[in-house]
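Below is work_36.txt, which holds compact mmCIF, C-alpha atoms.
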# COMPACT_ATOMS: atom_id res chain seq x y z
CA MET A 1 18.13 -39.27 -52.05
CA ARG A 2 18.84 -41.00 -48.79
CA SER A 3 20.71 -37.90 -47.62
CA GLY A 4 17.65 -35.73 -48.27
CA GLU A 5 15.46 -38.15 -46.34
CA VAL A 6 17.84 -37.98 -43.36
CA GLU A 7 17.81 -34.18 -43.44
CA VAL A 8 14.02 -34.12 -43.45
CA ALA A 9 13.82 -36.58 -40.57
CA VAL A 10 16.29 -34.55 -38.51
CA ALA A 11 14.36 -31.37 -39.27
CA GLU A 12 11.12 -33.00 -38.18
CA ARG A 13 12.68 -34.17 -34.92
CA CYS A 14 13.89 -30.59 -34.24
CA VAL A 15 10.67 -28.86 -35.16
CA THR A 16 8.29 -31.13 -33.25
CA PRO A 17 9.74 -30.52 -29.74
CA CYS A 18 9.98 -26.77 -30.47
CA THR A 19 6.36 -26.71 -31.59
CA ARG A 20 5.24 -28.65 -28.56
CA SER A 21 7.23 -26.36 -26.27
CA LEU A 22 5.65 -23.30 -27.87
CA ALA A 23 2.19 -24.85 -27.52
CA ARG A 24 2.83 -25.56 -23.83
CA LYS A 25 3.93 -21.96 -23.29
CA VAL A 26 0.83 -20.62 -25.02
CA ARG A 27 -1.43 -22.90 -22.96
CA GLY A 28 0.33 -21.62 -19.85
CA TRP A 29 -0.68 -18.00 -20.51
CA PRO A 30 -2.93 -16.62 -17.74
CA VAL A 31 -5.75 -15.95 -20.19
CA PHE A 32 -6.16 -19.70 -20.80
CA ARG A 33 -6.64 -20.30 -17.08
CA GLN A 34 -10.06 -18.65 -17.34
CA ALA A 35 -13.19 -20.79 -17.32
CA PRO A 36 -14.44 -21.59 -20.86
CA PRO A 37 -17.53 -19.28 -20.60
CA MET A 38 -15.33 -16.40 -19.45
CA LEU A 39 -12.79 -17.07 -22.19
CA ALA A 40 -15.56 -17.17 -24.82
CA PHE A 41 -17.07 -13.92 -23.53
CA MET A 42 -13.71 -12.13 -23.56
CA GLY A 43 -13.07 -13.34 -27.10
CA ALA A 44 -16.52 -12.17 -28.23
CA VAL A 45 -16.03 -8.69 -26.75
CA PHE A 46 -12.59 -8.32 -28.31
CA LEU A 47 -13.80 -9.57 -31.70
CA MET A 48 -16.77 -7.20 -31.59
CA ALA A 49 -14.47 -4.25 -30.87
CA LEU A 50 -12.10 -5.27 -33.69
CA VAL A 51 -14.92 -5.62 -36.24
CA ALA A 52 -16.42 -2.29 -35.16
CA LEU A 53 -13.00 -0.66 -35.54
CA LEU A 54 -12.61 -1.96 -39.10
CA PHE A 55 -16.08 -0.78 -40.15
CA ALA A 56 -15.65 2.61 -38.47
CA ALA A 57 -12.25 3.14 -40.10
CA ALA A 58 -13.76 2.43 -43.52
CA ALA A 59 -16.69 4.79 -42.94
CA ALA A 60 -15.06 7.76 -41.19
CA PRO A 61 -13.57 10.53 -43.35
CA PHE A 62 -10.17 11.77 -42.22
CA ARG A 63 -10.04 15.40 -41.14
CA ILE A 64 -7.04 17.17 -39.68
CA ARG A 65 -9.13 18.92 -37.01
CA ASP A 66 -10.53 15.57 -35.79
CA ALA A 67 -7.01 14.13 -35.58
CA LEU A 68 -5.77 17.19 -33.65
CA LEU A 69 -8.69 17.08 -31.20
CA PHE A 70 -8.18 13.34 -30.71
CA SER A 71 -4.46 13.89 -30.07
CA ALA A 72 -5.31 16.58 -27.52
CA MET A 73 -7.67 14.19 -25.69
CA VAL A 74 -5.00 11.48 -25.62
CA LEU A 75 -2.46 13.98 -24.31
CA CYS A 76 -4.80 15.07 -21.49
CA ALA A 77 -5.47 11.44 -20.59
CA ALA A 78 -1.72 10.79 -20.58
CA LEU A 79 -1.21 13.69 -18.16
CA CYS A 80 -3.87 12.16 -15.88
CA VAL A 81 -2.05 8.81 -16.01
CA GLU A 82 1.22 10.51 -15.09
CA ALA A 83 -0.46 12.34 -12.21
CA MET A 84 -1.83 9.02 -10.93
CA ARG A 85 1.63 7.47 -11.13
CA ARG A 86 3.23 10.27 -9.13
CA LEU A 87 0.56 10.18 -6.43
CA GLY A 88 0.56 6.38 -6.24
CA THR A 89 -2.36 4.09 -6.84
CA PRO A 90 -3.94 1.58 -4.47
CA SER A 91 -3.95 -2.09 -5.38
CA GLY A 92 -7.13 -3.66 -6.60
CA LEU A 93 -9.88 -1.72 -8.36
CA THR A 94 -8.88 1.89 -9.00
CA ARG A 95 -11.50 4.46 -9.92
CA ASP A 96 -10.44 7.18 -12.33
CA LEU A 97 -11.84 10.14 -14.25
CA PHE A 98 -10.87 9.05 -17.76
CA GLY A 99 -14.51 9.62 -18.70
CA ALA A 100 -13.55 13.32 -18.84
CA TRP A 101 -11.73 12.38 -22.07
CA TRP A 102 -13.85 9.43 -23.30
CA ILE A 103 -17.03 11.53 -23.26
CA PRO A 104 -15.80 14.51 -25.35
CA THR A 105 -14.38 12.01 -27.82
CA LEU A 106 -17.68 10.20 -28.29
CA LEU A 107 -19.65 13.44 -28.56
CA LEU A 108 -17.37 15.57 -30.76
CA LEU A 109 -15.72 12.96 -32.99
CA PRO A 110 -16.91 10.06 -35.19
CA PRO A 111 -17.26 6.64 -33.52
CA LEU A 112 -13.86 5.60 -34.91
CA TYR A 113 -12.08 7.73 -32.32
CA SER A 114 -14.11 6.26 -29.45
CA LEU A 115 -12.77 2.87 -30.53
CA LEU A 116 -9.20 4.15 -30.73
CA ILE A 117 -8.74 6.24 -27.58
CA PRO A 118 -8.72 3.34 -25.04
CA ILE A 119 -5.69 1.80 -26.79
CA PRO A 120 -3.05 4.43 -25.89
CA VAL A 121 -4.59 5.09 -22.47
CA TYR A 122 -4.53 1.43 -21.38
CA LEU A 123 -1.04 1.00 -22.80
CA LEU A 124 0.08 3.90 -20.60
CA LEU A 125 -1.69 2.37 -17.61
CA GLN A 126 0.08 -0.94 -18.25
CA PHE A 127 3.59 0.46 -18.49
CA ARG A 128 3.47 3.63 -16.38
CA ILE A 129 1.32 2.70 -13.36
CA ARG A 130 0.84 -0.99 -12.76
CA ARG A 131 1.62 -4.00 -14.87
CA THR A 132 -1.18 -6.50 -14.75
CA MET A 133 -2.31 -9.42 -16.86
CA VAL A 134 -2.40 -8.25 -20.47
CA HIS A 135 -5.71 -9.94 -21.26
CA ARG A 136 -7.41 -7.87 -18.55
CA ARG A 137 -6.12 -4.61 -20.04
CA VAL A 138 -7.18 -5.71 -23.51
CA PHE A 139 -10.63 -6.71 -22.28
CA ASN A 140 -11.15 -3.42 -20.41
CA ALA A 141 -10.04 -1.43 -23.47
CA ALA A 142 -12.40 -3.41 -25.71
CA SER A 143 -15.28 -2.87 -23.28
CA VAL A 144 -14.74 0.91 -23.16
CA ALA A 145 -14.33 1.00 -26.95
CA ILE A 146 -17.61 -0.82 -27.66
CA ALA A 147 -19.58 1.25 -25.15
CA GLY A 148 -18.09 4.51 -26.46
CA ALA A 149 -18.64 3.68 -30.11
CA ALA A 150 -22.28 2.65 -29.54
CA SER A 151 -23.01 5.83 -27.58
CA SER A 152 -21.21 8.00 -30.16
CA TRP A 153 -23.14 6.46 -33.05
CA LEU A 154 -26.45 6.94 -31.21
CA PHE A 155 -25.70 10.59 -30.40
CA HIS A 156 -24.77 11.53 -33.96
CA LYS A 157 -27.64 9.51 -35.42
CA VAL A 158 -30.39 10.93 -33.19
CA ALA A 159 -29.02 14.48 -33.40
CA GLY A 160 -28.94 14.16 -37.19
CA ILE A 161 -25.39 15.47 -37.51
CA PRO A 162 -23.75 14.69 -40.90
CA ALA A 163 -20.14 13.61 -40.59
CA GLU A 164 -18.90 16.46 -42.75
CA GLU A 165 -20.65 19.06 -40.58
CA ALA A 166 -19.76 17.65 -37.15
CA GLU A 167 -17.11 20.31 -36.53
CA ARG A 168 -19.72 23.07 -36.65
CA ALA A 169 -22.93 21.26 -35.68
CA VAL A 170 -21.94 19.40 -32.51
CA PRO A 171 -21.16 22.51 -30.39
CA GLU A 172 -24.45 24.07 -31.57
CA VAL A 173 -26.37 20.94 -30.56
CA LEU A 174 -24.76 20.86 -27.13
CA PHE A 175 -25.89 24.43 -26.44
CA THR A 176 -29.57 23.54 -26.92
CA PRO A 177 -31.62 21.99 -24.07
CA SER A 178 -32.64 18.99 -26.19
CA GLY A 179 -29.08 18.51 -27.40
CA ALA A 180 -27.67 18.68 -23.87
CA LEU A 181 -30.27 16.15 -22.71
CA LEU A 182 -29.42 13.85 -25.60
CA ALA A 183 -25.71 14.12 -24.75
CA PHE A 184 -26.47 13.30 -21.11
CA VAL A 185 -28.52 10.21 -22.09
CA CYS A 186 -25.87 8.94 -24.50
CA CYS A 187 -23.08 9.44 -21.97
CA ALA A 188 -25.13 7.66 -19.32
CA LEU A 189 -25.65 4.83 -21.83
CA PHE A 190 -21.87 4.64 -22.25
CA THR A 191 -21.45 4.15 -18.48
CA VAL A 192 -24.27 1.59 -18.29
CA LEU A 193 -22.97 -0.47 -21.22
CA ASN A 194 -19.41 -0.52 -19.91
CA THR A 195 -20.60 -1.46 -16.40
CA ALA A 196 -22.82 -4.21 -17.80
CA VAL A 197 -19.96 -5.79 -19.76
CA ILE A 198 -17.62 -5.71 -16.75
CA THR A 199 -20.37 -7.11 -14.51
CA VAL A 200 -20.98 -10.06 -16.81
CA ALA A 201 -17.22 -10.74 -16.86
CA VAL A 202 -17.01 -10.64 -13.07
CA ARG A 203 -20.00 -12.96 -12.74
CA LEU A 204 -18.48 -15.44 -15.18
CA SER A 205 -15.17 -15.47 -13.34
CA ALA A 206 -16.76 -15.42 -9.86
CA PRO A 207 -20.31 -16.86 -10.04
CA ASP A 208 -21.05 -16.10 -6.40
CA ALA A 209 -20.31 -12.38 -6.74
CA PRO A 210 -23.51 -10.48 -5.84
CA TRP A 211 -25.19 -8.76 -8.79
CA ARG A 212 -26.48 -5.89 -6.69
CA ARG A 213 -23.05 -4.87 -5.45
CA LEU A 214 -21.67 -4.99 -8.97
CA LEU A 215 -24.46 -3.01 -10.60
CA TRP A 216 -25.37 -0.64 -7.80
CA ASP A 217 -22.68 0.75 -5.57
CA ARG A 218 -23.19 4.18 -4.03
CA GLU A 219 -19.60 5.26 -4.41
CA ALA A 220 -19.42 4.03 -8.02
CA VAL A 221 -22.64 5.84 -8.94
CA THR A 222 -21.33 9.07 -7.37
CA VAL A 223 -18.04 8.86 -9.26
CA ASP A 224 -19.81 8.01 -12.53
CA SER A 225 -22.16 10.97 -12.09
CA VAL A 226 -19.28 13.36 -11.47
CA GLU A 227 -17.39 11.88 -14.41
CA LEU A 228 -20.41 12.37 -16.67
CA CYS A 229 -20.86 16.02 -15.70
CA VAL A 230 -17.16 16.77 -16.07
CA GLY A 231 -17.03 15.00 -19.44
CA ILE A 232 -19.93 16.99 -20.88
CA THR A 233 -18.39 20.24 -19.56
CA VAL A 234 -15.06 19.38 -21.20
CA ALA A 235 -16.91 18.51 -24.44
CA ILE A 236 -18.59 21.93 -24.51
CA LEU A 237 -15.31 23.75 -23.88
CA SER A 238 -13.31 21.78 -26.41
CA GLY A 239 -16.18 22.12 -28.90
CA LEU A 240 -15.71 25.88 -28.75
CA SER A 241 -11.93 25.66 -29.05
CA VAL A 242 -9.42 22.88 -28.48
CA LEU A 243 -7.24 25.44 -26.68
CA LEU A 244 -9.84 25.59 -23.89
CA LEU A 245 -8.68 22.14 -22.81
CA ALA A 246 -5.89 23.99 -21.03
CA ILE A 247 -8.61 25.44 -18.75
CA ALA A 248 -10.41 22.11 -18.28
CA LEU A 249 -7.33 20.02 -17.48
CA PRO A 250 -6.32 21.45 -14.04
CA PRO A 251 -9.76 20.89 -12.40
CA VAL A 252 -9.86 17.33 -13.75
CA LEU A 253 -6.37 16.65 -12.36
CA LEU A 254 -7.45 18.04 -8.99
CA LEU A 255 -10.57 15.86 -8.93
CA GLN A 256 -8.49 12.84 -9.90
CA ARG A 257 -6.04 13.59 -7.11
CA SER A 258 -8.85 13.90 -4.57
CA LEU A 259 -10.40 10.62 -5.77
CA LEU A 260 -7.10 8.75 -5.53
CA TYR A 261 -6.42 10.16 -2.09
CA GLN A 262 -9.71 8.74 -0.84
CA GLN A 263 -8.90 5.37 -2.41
CA LEU A 264 -5.45 5.34 -0.83
CA GLN A 265 -7.10 5.93 2.55
CA ALA A 266 -9.48 3.04 1.85
CA ALA A 267 -6.54 0.85 0.74
CA ALA A 268 -4.98 1.33 4.17
CA ARG A 269 -8.06 -0.44 5.61
CA ASN A 270 -8.33 -3.26 3.07
CA ASP A 271 -6.33 -6.34 2.26
CA PRO A 272 -4.77 -5.91 -1.21
CA LYS A 273 -5.26 -9.50 -2.41
CA THR A 274 -8.89 -9.99 -1.44
CA GLY A 275 -10.36 -6.50 -1.03
CA LEU A 276 -11.68 -7.48 2.40
CA LEU A 277 -10.87 -5.62 5.60
CA ASN A 278 -7.35 -6.24 6.86
CA ALA A 279 -6.81 -7.76 10.30
CA ALA A 280 -6.31 -4.48 12.20
CA THR A 281 -9.37 -2.81 10.68
CA TRP A 282 -11.53 -5.87 11.19
CA GLU A 283 -10.57 -6.10 14.88
CA CYS A 284 -11.39 -2.42 15.35
CA GLU A 285 -14.81 -2.62 13.67
CA ALA A 286 -15.69 -6.00 15.18
CA GLY A 287 -14.69 -4.79 18.64
CA THR A 288 -17.07 -1.85 18.31
CA VAL A 289 -19.95 -4.14 17.30
CA ILE A 290 -19.21 -6.57 20.15
CA GLU A 291 -19.19 -3.76 22.74
CA GLN A 292 -22.52 -2.50 21.42
CA ALA A 293 -23.98 -6.01 21.56
CA ARG A 294 -22.83 -6.42 25.16
CA ARG A 295 -24.44 -3.13 26.20
CA ASP A 296 -27.71 -3.97 24.44
CA ARG A 297 -27.63 -7.64 25.54
CA LEU A 298 -27.71 -8.83 21.93
CA GLN A 299 -26.21 -11.98 20.50
CA ALA A 300 -23.33 -12.14 18.03
CA ALA A 301 -21.09 -14.83 16.58
CA VAL A 302 -17.51 -15.00 15.34
CA LEU A 303 -16.40 -17.38 12.59
CA ILE A 304 -12.79 -18.22 11.75
CA ILE A 305 -12.49 -19.79 8.30
CA ASP A 306 -9.35 -21.50 7.01
CA ILE A 307 -8.71 -22.80 3.49
CA ASP A 308 -7.74 -26.47 3.74
CA HIS A 309 -4.32 -27.51 2.42
CA PHE A 310 -3.64 -24.07 0.98
CA LYS A 311 0.12 -24.50 1.25
CA ARG A 312 -0.19 -27.57 -0.93
CA VAL A 313 -1.98 -25.49 -3.57
CA ASN A 314 0.82 -22.90 -3.56
CA ASP A 315 3.51 -25.58 -3.76
CA THR A 316 1.76 -27.47 -6.56
CA TYR A 317 0.36 -24.71 -8.77
CA GLY A 318 2.33 -21.62 -7.77
CA HIS A 319 1.53 -18.49 -5.78
CA LEU A 320 -0.28 -16.76 -8.66
CA VAL A 321 -2.85 -19.55 -8.76
CA GLY A 322 -2.95 -19.45 -4.96
CA ASP A 323 -3.76 -15.74 -5.06
CA GLU A 324 -6.55 -16.35 -7.57
CA ILE A 325 -8.07 -19.02 -5.33
CA LEU A 326 -7.71 -16.78 -2.30
CA HIS A 327 -9.59 -14.01 -4.13
CA ALA A 328 -12.27 -16.42 -5.35
CA VAL A 329 -12.88 -17.75 -1.84
CA ALA A 330 -13.03 -14.20 -0.43
CA THR A 331 -15.56 -13.16 -3.10
CA THR A 332 -17.68 -16.23 -2.40
CA LEU A 333 -17.71 -15.65 1.35
CA ASP A 334 -18.47 -11.95 1.01
CA GLY A 335 -21.31 -12.64 -1.43
CA GLN A 336 -23.07 -14.95 1.05
CA LEU A 337 -23.13 -12.46 3.95
CA ARG A 338 -25.44 -9.64 4.94
CA PRO A 339 -24.35 -6.00 4.46
CA ARG A 340 -24.07 -5.57 8.25
CA ASP A 341 -21.81 -8.61 8.70
CA VAL A 342 -18.12 -7.79 9.10
CA ILE A 343 -15.65 -9.92 7.14
CA GLY A 344 -11.89 -9.61 6.91
CA ARG A 345 -8.75 -11.48 6.00
CA PHE A 346 -6.83 -12.43 9.10
CA GLY A 347 -3.58 -13.42 7.43
CA GLY A 348 -2.42 -16.23 5.20
CA GLU A 349 -5.41 -18.35 4.23
CA GLU A 350 -7.61 -17.38 7.20
CA PHE A 351 -10.75 -15.23 7.17
CA VAL A 352 -12.77 -13.89 10.10
CA VAL A 353 -16.46 -13.03 10.12
CA LEU A 354 -18.55 -11.26 12.75
CA LEU A 355 -22.29 -11.96 12.58
CA PRO A 356 -24.23 -9.35 14.61
CA GLU A 357 -27.59 -10.27 16.15
CA THR A 358 -27.11 -13.96 15.35
CA ASP A 359 -27.90 -16.88 17.65
CA LEU A 360 -26.13 -20.23 17.77
CA ALA A 361 -28.41 -22.04 15.31
CA ASP A 362 -28.24 -19.25 12.71
CA ALA A 363 -24.47 -18.92 13.11
CA CYS A 364 -24.04 -22.64 12.41
CA LYS A 365 -26.35 -22.40 9.40
CA VAL A 366 -24.34 -19.49 7.98
CA ALA A 367 -21.06 -21.32 8.59
CA GLU A 368 -22.37 -24.46 6.89
CA ARG A 369 -23.65 -22.43 3.92
CA LEU A 370 -20.26 -20.77 3.51
CA ARG A 371 -18.53 -24.16 3.66
CA ARG A 372 -20.82 -25.62 0.98
CA ARG A 373 -20.46 -22.61 -1.31
CA VAL A 374 -16.68 -22.74 -1.22
CA SER A 375 -16.60 -26.50 -1.84
CA ALA A 376 -18.68 -25.88 -4.99
CA LEU A 377 -16.11 -23.48 -6.49
CA ARG A 378 -13.76 -26.01 -8.19
CA PRO A 379 -11.63 -23.44 -10.09
CA LEU A 380 -9.85 -24.54 -13.26
CA VAL A 381 -6.05 -24.73 -13.46
CA ASP A 382 -4.76 -25.65 -16.93
CA GLY A 383 -8.25 -26.91 -17.71
CA VAL A 384 -8.35 -29.22 -14.70
CA PRO A 385 -10.72 -28.43 -11.80
CA ILE A 386 -9.18 -28.48 -8.32
CA ASP A 387 -10.97 -29.00 -5.04
CA VAL A 388 -11.12 -26.11 -2.57
CA THR A 389 -12.60 -26.62 0.89
CA VAL A 390 -12.63 -24.70 4.16
CA SER A 391 -12.81 -25.55 7.84
CA VAL A 392 -14.84 -23.25 10.09
CA GLY A 393 -14.73 -22.56 13.81
CA VAL A 394 -17.73 -20.86 15.46
CA ALA A 395 -17.98 -19.04 18.80
CA LEU A 396 -21.01 -17.24 20.25
CA LEU A 397 -21.08 -14.13 22.42
CA HIS A 398 -22.37 -14.73 26.00
CA VAL A 399 -22.04 -18.51 25.41
CA HIS A 400 -18.40 -19.11 24.57
CA GLY A 401 -16.93 -15.74 25.50
CA ASP A 402 -17.77 -12.21 26.63
CA ASP A 403 -15.39 -10.13 24.52
CA LEU A 404 -13.77 -10.24 21.10
CA VAL A 405 -10.48 -11.70 22.36
CA ASP A 406 -12.23 -14.63 24.05
CA LEU A 407 -14.46 -15.25 21.05
CA MET A 408 -11.54 -15.31 18.62
CA ALA A 409 -9.51 -17.62 20.87
CA LEU A 410 -12.39 -20.09 21.22
CA ALA A 411 -13.33 -19.89 17.55
CA ASP A 412 -9.69 -20.66 16.78
CA LEU A 413 -9.84 -23.75 19.03
CA ALA A 414 -13.04 -24.79 17.27
CA LEU A 415 -11.25 -24.38 13.94
CA TYR A 416 -8.56 -26.79 15.08
CA ARG A 417 -11.23 -29.26 16.15
CA ALA A 418 -12.59 -29.08 12.59
CA LYS A 419 -9.11 -29.74 11.20
CA ASP A 420 -8.49 -32.64 13.57
CA ALA A 421 -11.86 -34.16 12.61
CA GLY A 422 -10.86 -34.31 8.93
CA ARG A 423 -11.32 -30.72 7.62
CA ASP A 424 -14.11 -29.40 5.39
CA ARG A 425 -16.51 -29.09 8.33
CA VAL A 426 -17.88 -26.73 10.98
CA ARG A 427 -17.15 -27.07 14.68
CA LEU A 428 -17.86 -25.30 17.99
CA PRO A 429 -15.53 -25.00 21.01
CA VAL A 430 -15.57 -27.75 23.62
CA THR A 431 -17.69 -26.01 26.25
CA GLY A 432 -20.73 -28.25 26.48
CA GLU A 433 -22.90 -25.24 25.61
CA GLY A 434 -23.92 -26.35 22.17
CA LEU A 435 -23.12 -28.49 19.16
CA VAL A 436 -23.32 -28.00 15.46
CA PRO A 437 -26.62 -29.50 14.25
CA GLY A 438 -26.02 -33.18 13.46
CA GLN A 439 -22.81 -33.33 15.53
CA LYS A 440 -22.52 -36.10 18.13
CA ARG A 441 -21.41 -35.32 21.65
CA GLY A 442 -18.73 -37.98 21.41
CA ASP A 443 -16.99 -35.77 18.82
CA GLN A 444 -16.02 -33.30 21.56
CA ALA A 445 -12.47 -34.53 22.01
CA PRO A 446 -10.07 -31.81 23.18
CA ALA A 447 -8.62 -29.76 20.34
CA ARG A 448 -5.01 -30.51 19.47
CA ARG A 449 -2.79 -27.75 18.10
CA THR A 450 -1.51 -28.68 14.67
CA ALA A 451 0.54 -26.94 12.02
CA ARG A 452 -1.49 -24.53 9.92
CA GLY A 453 -1.53 -24.54 6.17
CA SER A 454 -0.79 -28.23 6.04
Structure re-expressed in structure tokens:
Amino acid sequence: MRSGEVEVAVAERCVTPCTRSLARKVRGWPVFRQAPPMLAFMGAVFLMALVALLFAAAAAPFRIRDALLFSAMVLCAALCVEAMRRLGTPSGLTRDLFGAWWIPTLLLLPPLYSLLIPIPVYLLLQFRIRRTMVHRRVFNAASVAIAGAASSWLFHKVAGIPAEEAERAVPEVLFTPSGALLAFVCCALFTVLNTAVITVAVRLSAPDAPWRRLLWDREAVTVDSVELCVGITVAILSGLSVLLLAIALPPVLLLQRSLLYQQLQAAARNDPKTGLLNAATWECEAGTVIEQARRDRLQAAVLIIDIDHFKRVNDTYGHLVGDEILHAVATTLDGQLRPRDVIGRFGGEEFVVLLPETDLADACKVAERLRRRVSALRPLVDGVPIDVTVSVGVALLHVHGDDLVDLMALADLALYRAKDAGRDRVRLPVTGEGLVPGQKRGDQAPARRTARGS
């Protein structure tokens, strides 16, 4: 009996550390670094998609033709994924034309297949193009699935198409004006629902992200409109015969190639981690604005913004967390600026902003607003909020310098004055031409060059 007790005690001592180690690993997954509201929203979307899948599977009759058409759509989507891989994809948000295959699926097949088709496509994206955080792929797949299933159910319900007659009735409905209009409305609803879900997720993860830019972007609307038209065209062709997909596929591949080419050109201008302009592009665009302001005798201001103690964040929490904070700060800064302001990442943890037609007082107000917004971020790492602050240097055209090079040099000196004064503040160069509101003249000690990122 004593021997059995010893064996149990030893087993308990072995199991407990293993269990704790497993629990620590699970808590360390990137998905659990999300803020609680974001985590709850992601869980709700995934659970909704799973429940819808179970109900749809129980309600949908199995037909060989439906399975063959679904397989053909998946194959076409897989060919698009392979074409994207061969061309290369830009980092960050990549626009695609997968709607050319989502839309025929939701129109021609029962809602079950709209819930299923994102699974193989996003698996291919994960392993063939770019590996990203799994929870993001799962969330995107669930979002597309819910939007597609809701639109598919609405189309079949309003059109009055019985499930057993869908093979014959759907193509006939699409050839009528009212049926084509209904298909257009349902497909537009699919795009709106998916965009709404993604927008809510972005807002929960980055509260300062502007709603208008998320919901209404000219390029996104253009791509979505093209995708909708192509998807309905593919649905009509495949409704006549699945073999006609061989005719529809080449134009879709060509459109996808053209779309990716434009995005690759844009990626050459943007910083991959933040989505802002890179240093070379920012200097080019800011230089043009400064020259125009000089000719028209207009005012302009340059801000240089540096994340305080960013190296310490990387050393303490790792570079992945550092990248997330970098992106969050960039999103916050961009969301507080006007459309005509020019913002870019200048390397490391530094950002640069050009404020056209802005006087000294307004430039200082903008800089102070940006500083306050960033200090309110407090992102969570392993459930613990961390402090993020920035120091800002401000220089004004015609006051502190007459060209972009002078303005950047003096804004950089002002940034070092902010660091020397204790960080998390806004400063101007030492020129005697102006002070930040509330700043005392005695604070104008000469700037001392210090090590960055400390």
task = Write out as a PyMOL selection string the residues lying within 12 Å of A:Asn314, counting all atoms listed in the file and excluding same-chain residues fewer than 5 positions away.
result = chain A and resi 307-309+319-326+348-349+453-454
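Proximity of A:Thr222, A:Thr132, A:Thr233, A:Gln126 to A:Ala180, computed with only C-alpha atoms, is greatest for A:Thr233.
Each of A:Ile305, A:Val342, A:Ala409, A:Ala363 was compared to A:Arg423 using only C-alpha atoms, and A:Ile305 turns out to be the nearest.
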message = Show me the residues around (-7.9, 20.0, -21.0) - criterion: an atom at most 12 Å away, all atoms listed in the file counted - as number ranges by chain.
response = A: 69-80, 98, 100-101, 104, 230-231, 233-239, 241-253
Generate the output file for the selected residues, C-alpha atoms, as a PDB file, in the coordinates of the input.
ATOM      1  CA  LEU A  69      -8.690  17.080 -31.200  1.00  0.00           C
ATOM      2  CA  PHE A  70      -8.180  13.340 -30.710  1.00  0.00           C
ATOM      3  CA  SER A  71      -4.460  13.890 -30.070  1.00  0.00           C
ATOM      4  CA  ALA A  72      -5.310  16.580 -27.520  1.00  0.00           C
ATOM      5  CA  MET A  73      -7.670  14.190 -25.690  1.00  0.00           C
ATOM      6  CA  VAL A  74      -5.000  11.480 -25.620  1.00  0.00           C
ATOM      7  CA  LEU A  75      -2.460  13.980 -24.310  1.00  0.00           C
ATOM      8  CA  CYS A  76      -4.800  15.070 -21.490  1.00  0.00           C
ATOM      9  CA  ALA A  77      -5.470  11.440 -20.590  1.00  0.00           C
ATOM     10  CA  ALA A  78      -1.720  10.790 -20.580  1.00  0.00           C
ATOM     11  CA  LEU A  79      -1.210  13.690 -18.160  1.00  0.00           C
ATOM     12  CA  CYS A  80      -3.870  12.160 -15.880  1.00  0.00           C
ATOM     13  CA  PHE A  98     -10.870   9.050 -17.760  1.00  0.00           C
ATOM     14  CA  ALA A 100     -13.550  13.320 -18.840  1.00  0.00           C
ATOM     15  CA  TRP A 101     -11.730  12.380 -22.070  1.00  0.00           C
ATOM     16  CA  PRO A 104     -15.800  14.510 -25.350  1.00  0.00           C
ATOM     17  CA  VAL A 230     -17.160  16.770 -16.070  1.00  0.00           C
ATOM     18  CA  GLY A 231     -17.030  15.000 -19.440  1.00  0.00           C
ATOM     19  CA  THR A 233     -18.390  20.240 -19.560  1.00  0.00           C
ATOM     20  CA  VAL A 234     -15.060  19.380 -21.200  1.00  0.00           C
ATOM     21  CA  ALA A 235     -16.910  18.510 -24.440  1.00  0.00           C
ATOM     22  CA  ILE A 236     -18.590  21.930 -24.510  1.00  0.00           C
ATOM     23  CA  LEU A 237     -15.310  23.750 -23.880  1.00  0.00           C
ATOM     24  CA  SER A 238     -13.310  21.780 -26.410  1.00  0.00           C
ATOM     25  CA  GLY A 239     -16.180  22.120 -28.900  1.00  0.00           C
ATOM     26  CA  SER A 241     -11.930  25.660 -29.050  1.00  0.00           C
ATOM     27  CA  VAL A 242      -9.420  22.880 -28.480  1.00  0.00           C
ATOM     28  CA  LEU A 243      -7.240  25.440 -26.680  1.00  0.00           C
ATOM     29  CA  LEU A 244      -9.840  25.590 -23.890  1.00  0.00           C
ATOM     30  CA  LEU A 245      -8.680  22.140 -22.810  1.00  0.00           C
ATOM     31  CA  ALA A 246      -5.890  23.990 -21.030  1.00  0.00           C
ATOM     32  CA  ILE A 247      -8.610  25.440 -18.750  1.00  0.00           C
ATOM     33  CA  ALA A 248     -10.410  22.110 -18.280  1.00  0.00           C
ATOM     34  CA  LEU A 249      -7.330  20.020 -17.480  1.00  0.00           C
ATOM     35  CA  PRO A 250      -6.320  21.450 -14.040  1.00  0.00           C
ATOM     36  CA  PRO A 251      -9.760  20.890 -12.400  1.00  0.00           C
ATOM     37  CA  VAL A 252      -9.860  17.330 -13.750  1.00  0.00           C
ATOM     38  CA  LEU A 253      -6.370  16.650 -12.360  1.00  0.00           C
TER      39      LEU A 253
END
inquiry  = Could you list, as a ChimeraX atom specification, every residue within 12 Å of A:Phe62, counting all atoms listed in the file and ignoring same-chain residues fewer than 5 positions away?
reply    = /A:56-57,67-68,70,109-110,112-113,163-164
Could you dump the residues just selected with C-alpha atoms as an mmCIF file, keeping the file's coordinate frame?
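That gives us selection.cif:
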data_model
loop_
_atom_site.group_PDB
_atom_site.id
_atom_site.type_symbol
_atom_site.label_atom_id
_atom_site.label_comp_id
_atom_site.auth_asym_id
_atom_site.auth_seq_id
_atom_site.Cartn_x
_atom_site.Cartn_y
_atom_site.Cartn_z
ATOM 1 C CA ALA A 56 -15.650 2.610 -38.470
ATOM 2 C CA ALA A 57 -12.250 3.140 -40.100
ATOM 3 C CA ALA A 67 -7.010 14.130 -35.580
ATOM 4 C CA LEU A 68 -5.770 17.190 -33.650
ATOM 5 C CA PHE A 70 -8.180 13.340 -30.710
ATOM 6 C CA LEU A 109 -15.720 12.960 -32.990
ATOM 7 C CA PRO A 110 -16.910 10.060 -35.190
ATOM 8 C CA LEU A 112 -13.860 5.600 -34.910
ATOM 9 C CA TYR A 113 -12.080 7.730 -32.320
ATOM 10 C CA ALA A 163 -20.140 13.610 -40.590
ATOM 11 C CA GLU A 164 -18.900 16.460 -42.750
#
